[in-house]
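For reference, the structure is listed below as structure tokens.
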Amino acid sequence: MPVKTISYEELIPGYEFPPATYELSASLVSKYLRAVDSAGDGFVPPLAITACAIAAMTGSFSLPSGTIVIHASQELEFFKLLPIGTTIECHIGVAQKITRGKMSMLILEFEVLDKGKEKVQSGRATIALPT
Amino acid sequence: MVKHITQEKINLYAEASGDFNPIHLDESFAATTPLGGTIAHGMLNLAYVSEMMTSAFGRSWLSEGKLRAKFKEPARPGDTLTINGKINCVEQKDDVSYANCSFECLNQKGEMIVTGETIIKLSSDKE
């Protein structure tokens with residue numbers, strides 16, 4: 001997990017988090033497949049990769065204790081399949097930060113690369129933080 | 001495709017994804033929030049959509065798929081989710097065929113949990 005070095009208040013559009021690295025080990029993929037109730041096919045499920053990216057995103061900044069984080073929408077594009085055991089690097093940036101009444105919205109963009117720096121997937125997540 | 005949400009699966013998903021937000025895991029905390037109880041991670045619900053797409057399109061989906069999803073309502077432990085999808089049209093761009101699909105994920109009460117669209121590359125006439 002990335003270290004939480006920045007608070008939500010400090011996030012501004014254009015901010016880029018330090019890259020987070022994950023090893024998509026057999027045990028992690030096995031746990032993921034059990035959680036999603038799927039048999040798997042020898043590759044890392046793309047949404048297991050996305051899950052790492054999302055965790056890297058939401059784990060990269062600190063929120064006041066008790067804050068609820070709601071995943072409002074998600075865009076994804078897949079570029080390549082990865083074998084189990086691959087190490088990935090998640091690059092995450094703040095695209096937009098919106099406050100509407102008692103709701104704050106954070107739009108984060110991410111790109112996942114493999115060890116050879118080839119793009120594996122990219123995406124955009126909108127998370128809502130009711131205040 | 002039909003899937004059952006349990007707290008055990010949510011807990012496993014938290015471990016696999018590293019997302020330990022208490023709204024998913026801590027029943028006493030979640031009960032005090034406007035959501036009234038624990039909810040499944042949105043990405044857990046979306047994983048079922050991806051599984052359906054993989055069943056239909058195989059590696060084309062896994063290596064070249066595009067998705068846009070909106071999480072409308074939370075899924076909760078005890079829910080039974082039904083995931084449906086359909087091909088809306090097939091488009092040709094530069095000798096390549098793309099299927100434009102829509103999907104929805106409903107709970108046992110018929111409430112929309114997730115809805116969205118996907119695009120999948122089907123084939124190239126040059127291949």
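By order in the structure tokens, chains are A, B, ...; within a chain, residues start at 1; ligands start at 1, following the order shown.
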
Using only C-alpha atoms, which residues sit within 9 Å of Ala51 of chain A once same-chain residues fewer than 2 positions away are excluded, as a ChimeraX atom specification?
-> /A:46-49,53-56 /B:16-19,43-44

Exercise: Asn21 of chain B partners within 9 Å, only C-alpha atoms, chain neighbours under 5 positions left out, as a list of chain:residue names = A:Thr67, A:Ile68, A:Val69, B:Ala14, B:Asp26

Name all residues at most 8 Å from segment 80-95 of chain A (count only C-alpha atoms; drop same-chain ones fewer than 4 positions away) and give them as number ranges by chain.
-> A: 11-26, 29, 42-44, 46, 53, 56-57, 106-115, 119-121; B: 62-64

DSSP says alpha helix (DSSP H) for which residues of chain B? Put them as a VMD selection string?
-> chain B and resid 7 to 17 22 to 25 27 to 31 42 to 57 59 to 64

Next, the residues of the selection above should be written as a short mmCIF file (atom, residue, chain, number, x, y, z; two decimals), in the first residue's frame with N, CA and C atoms.
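Produced file result04.cif, reproduced below:
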data_model
loop_
_atom_site.label_atom_id
_atom_site.label_comp_id
_atom_site.auth_asym_id
_atom_site.auth_seq_id
_atom_site.Cartn_x
_atom_site.Cartn_y
_atom_site.Cartn_z
N GLN B 7 -21.12 -11.10 3.25
CA GLN B 7 -20.10 -10.31 3.97
C GLN B 7 -18.74 -10.99 3.83
N GLU B 8 -18.74 -12.31 3.76
CA GLU B 8 -17.48 -13.05 3.61
C GLU B 8 -16.78 -12.67 2.29
N LYS B 9 -17.56 -12.58 1.21
CA LYS B 9 -16.98 -12.19 -0.08
C LYS B 9 -16.47 -10.75 -0.03
N ILE B 10 -17.22 -9.89 0.64
CA ILE B 10 -16.80 -8.48 0.77
C ILE B 10 -15.48 -8.41 1.55
N ASN B 11 -15.40 -9.20 2.63
CA ASN B 11 -14.16 -9.21 3.42
C ASN B 11 -12.99 -9.72 2.59
N LEU B 12 -13.24 -10.76 1.80
CA LEU B 12 -12.18 -11.31 0.93
C LEU B 12 -11.75 -10.29 -0.11
N TYR B 13 -12.75 -9.59 -0.66
CA TYR B 13 -12.44 -8.58 -1.68
C TYR B 13 -11.59 -7.47 -1.07
N ALA B 14 -11.90 -7.09 0.16
CA ALA B 14 -11.10 -6.05 0.84
C ALA B 14 -9.65 -6.49 0.97
N GLU B 15 -9.46 -7.76 1.34
CA GLU B 15 -8.09 -8.28 1.47
C GLU B 15 -7.38 -8.31 0.13
N ALA B 16 -8.10 -8.75 -0.92
CA ALA B 16 -7.46 -8.88 -2.24
C ALA B 16 -7.17 -7.51 -2.85
N SER B 17 -8.04 -6.55 -2.59
CA SER B 17 -7.88 -5.24 -3.24
C SER B 17 -7.12 -4.24 -2.38
N PRO B 22 -14.12 1.21 6.23
CA PRO B 22 -15.04 0.55 7.18
C PRO B 22 -16.48 0.46 6.69
N ILE B 23 -16.85 1.24 5.70
CA ILE B 23 -18.23 1.14 5.19
C ILE B 23 -18.48 -0.24 4.57
N HIS B 24 -17.39 -0.93 4.19
CA HIS B 24 -17.53 -2.28 3.63
C HIS B 24 -17.41 -3.37 4.71
N LEU B 25 -16.74 -3.05 5.80
CA LEU B 25 -16.30 -4.11 6.71
C LEU B 25 -16.84 -4.02 8.13
N GLU B 27 -19.60 -3.45 10.57
CA GLU B 27 -21.07 -3.38 10.61
C GLU B 27 -21.58 -2.35 11.60
N SER B 28 -20.90 -2.23 12.75
CA SER B 28 -21.40 -1.26 13.75
C SER B 28 -21.16 0.17 13.26
N PHE B 29 -20.02 0.43 12.60
CA PHE B 29 -19.78 1.76 12.04
C PHE B 29 -20.78 2.04 10.91
N ALA B 30 -20.91 1.07 9.99
CA ALA B 30 -21.77 1.28 8.81
C ALA B 30 -23.22 1.53 9.22
N ALA B 31 -23.65 0.92 10.33
CA ALA B 31 -25.03 1.10 10.80
C ALA B 31 -25.31 2.54 11.21
N GLY B 42 -17.90 -1.21 -4.98
CA GLY B 42 -18.42 -1.06 -6.34
C GLY B 42 -17.67 -1.93 -7.33
N MET B 43 -16.36 -2.05 -7.12
CA MET B 43 -15.56 -2.83 -8.06
C MET B 43 -15.83 -4.33 -7.96
N LEU B 44 -16.37 -4.77 -6.83
CA LEU B 44 -16.78 -6.18 -6.71
C LEU B 44 -17.97 -6.42 -7.64
N ASN B 45 -18.93 -5.49 -7.61
CA ASN B 45 -20.10 -5.61 -8.50
C ASN B 45 -19.66 -5.55 -9.96
N LEU B 46 -18.70 -4.66 -10.23
CA LEU B 46 -18.24 -4.50 -11.61
C LEU B 46 -17.46 -5.73 -12.09
N ALA B 47 -16.84 -6.44 -11.16
CA ALA B 47 -16.10 -7.67 -11.53
C ALA B 47 -17.06 -8.69 -12.14
N TYR B 48 -18.31 -8.71 -11.67
CA TYR B 48 -19.30 -9.64 -12.23
C TYR B 48 -19.64 -9.26 -13.67
N VAL B 49 -19.69 -7.96 -13.92
CA VAL B 49 -19.94 -7.50 -15.30
C VAL B 49 -18.79 -7.95 -16.20
N SER B 50 -17.57 -7.78 -15.69
CA SER B 50 -16.40 -8.18 -16.49
C SER B 50 -16.40 -9.69 -16.75
N GLU B 51 -16.84 -10.46 -15.75
CA GLU B 51 -16.91 -11.92 -15.94
C GLU B 51 -17.92 -12.27 -17.04
N MET B 52 -19.04 -11.57 -17.04
CA MET B 52 -20.04 -11.81 -18.09
C MET B 52 -19.46 -11.46 -19.48
N MET B 53 -18.74 -10.34 -19.54
CA MET B 53 -18.15 -9.92 -20.81
C MET B 53 -17.08 -10.92 -21.27
N THR B 54 -16.33 -11.47 -20.31
CA THR B 54 -15.31 -12.47 -20.65
C THR B 54 -15.97 -13.73 -21.19
N SER B 55 -17.10 -14.12 -20.58
CA SER B 55 -17.82 -15.30 -21.07
C SER B 55 -18.27 -15.10 -22.51
N ALA B 56 -18.67 -13.87 -22.83
CA ALA B 56 -19.21 -13.61 -24.17
C ALA B 56 -18.12 -13.37 -25.22
N PHE B 57 -17.05 -12.69 -24.83
CA PHE B 57 -16.06 -12.24 -25.84
C PHE B 57 -14.64 -12.75 -25.60
N ARG B 59 -10.86 -13.30 -24.87
CA ARG B 59 -9.67 -12.45 -24.77
C ARG B 59 -9.85 -11.07 -25.40
N SER B 60 -10.77 -10.95 -26.35
CA SER B 60 -11.00 -9.63 -26.94
C SER B 60 -11.39 -8.63 -25.86
N TRP B 61 -12.20 -9.11 -24.93
CA TRP B 61 -12.61 -8.24 -23.83
C TRP B 61 -11.43 -7.98 -22.88
N LEU B 62 -10.74 -9.04 -22.54
CA LEU B 62 -9.68 -8.93 -21.52
C LEU B 62 -8.51 -8.06 -21.94
N SER B 63 -8.24 -8.04 -23.25
CA SER B 63 -7.04 -7.32 -23.69
C SER B 63 -7.34 -6.04 -24.46
N GLU B 64 -8.62 -5.84 -24.86
CA GLU B 64 -8.90 -4.64 -25.65
C GLU B 64 -10.27 -4.03 -25.36
#

Please return, as a ChimeraX atom specification, all residues of chain A lying within 6 Å of chain B when only C-alpha atoms are considered.
-> /A:28,31-32,35,51-52,55,72-81

So which residues of chain A fall under strand (DSSP E or B) by DSSP, listed as a ChimeraX atom specification?
-> /A:6-7,16,20-23,43,61-62,70-78,83,87-100,103-113,119-130

Point-to-point distance from atom CA of Gly59 of chain A to atom CA of Pro45 of chain A, Å rounded to tenths | 21.3 Å

Shortest interatomic distance to Tyr98 of chain B - which of B:Leu122, B:Ala75, B:Met112, B:Ala40, counting only C-alpha atoms |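 Using only C-alpha atoms, Tyr98 of chain B sits closest to B:Leu122.
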
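Residue neighbourhood of Glu9 of chain A, excluding near-sequence residues (fewer than 3 positions): A:Ile6, A:Ile12, A:Phe61, A:Ser62, A:Leu63, at 10 Å, using only C-alpha atoms.
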
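The coordinates place atom CA of Asn88 of chain B at 29.4 Å from atom CA of Ile70 of chain A.
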
Separation of atom CA of Glu111 of chain B and atom CA of Thr99 of chain A, in Å?
-> 27.4 Å
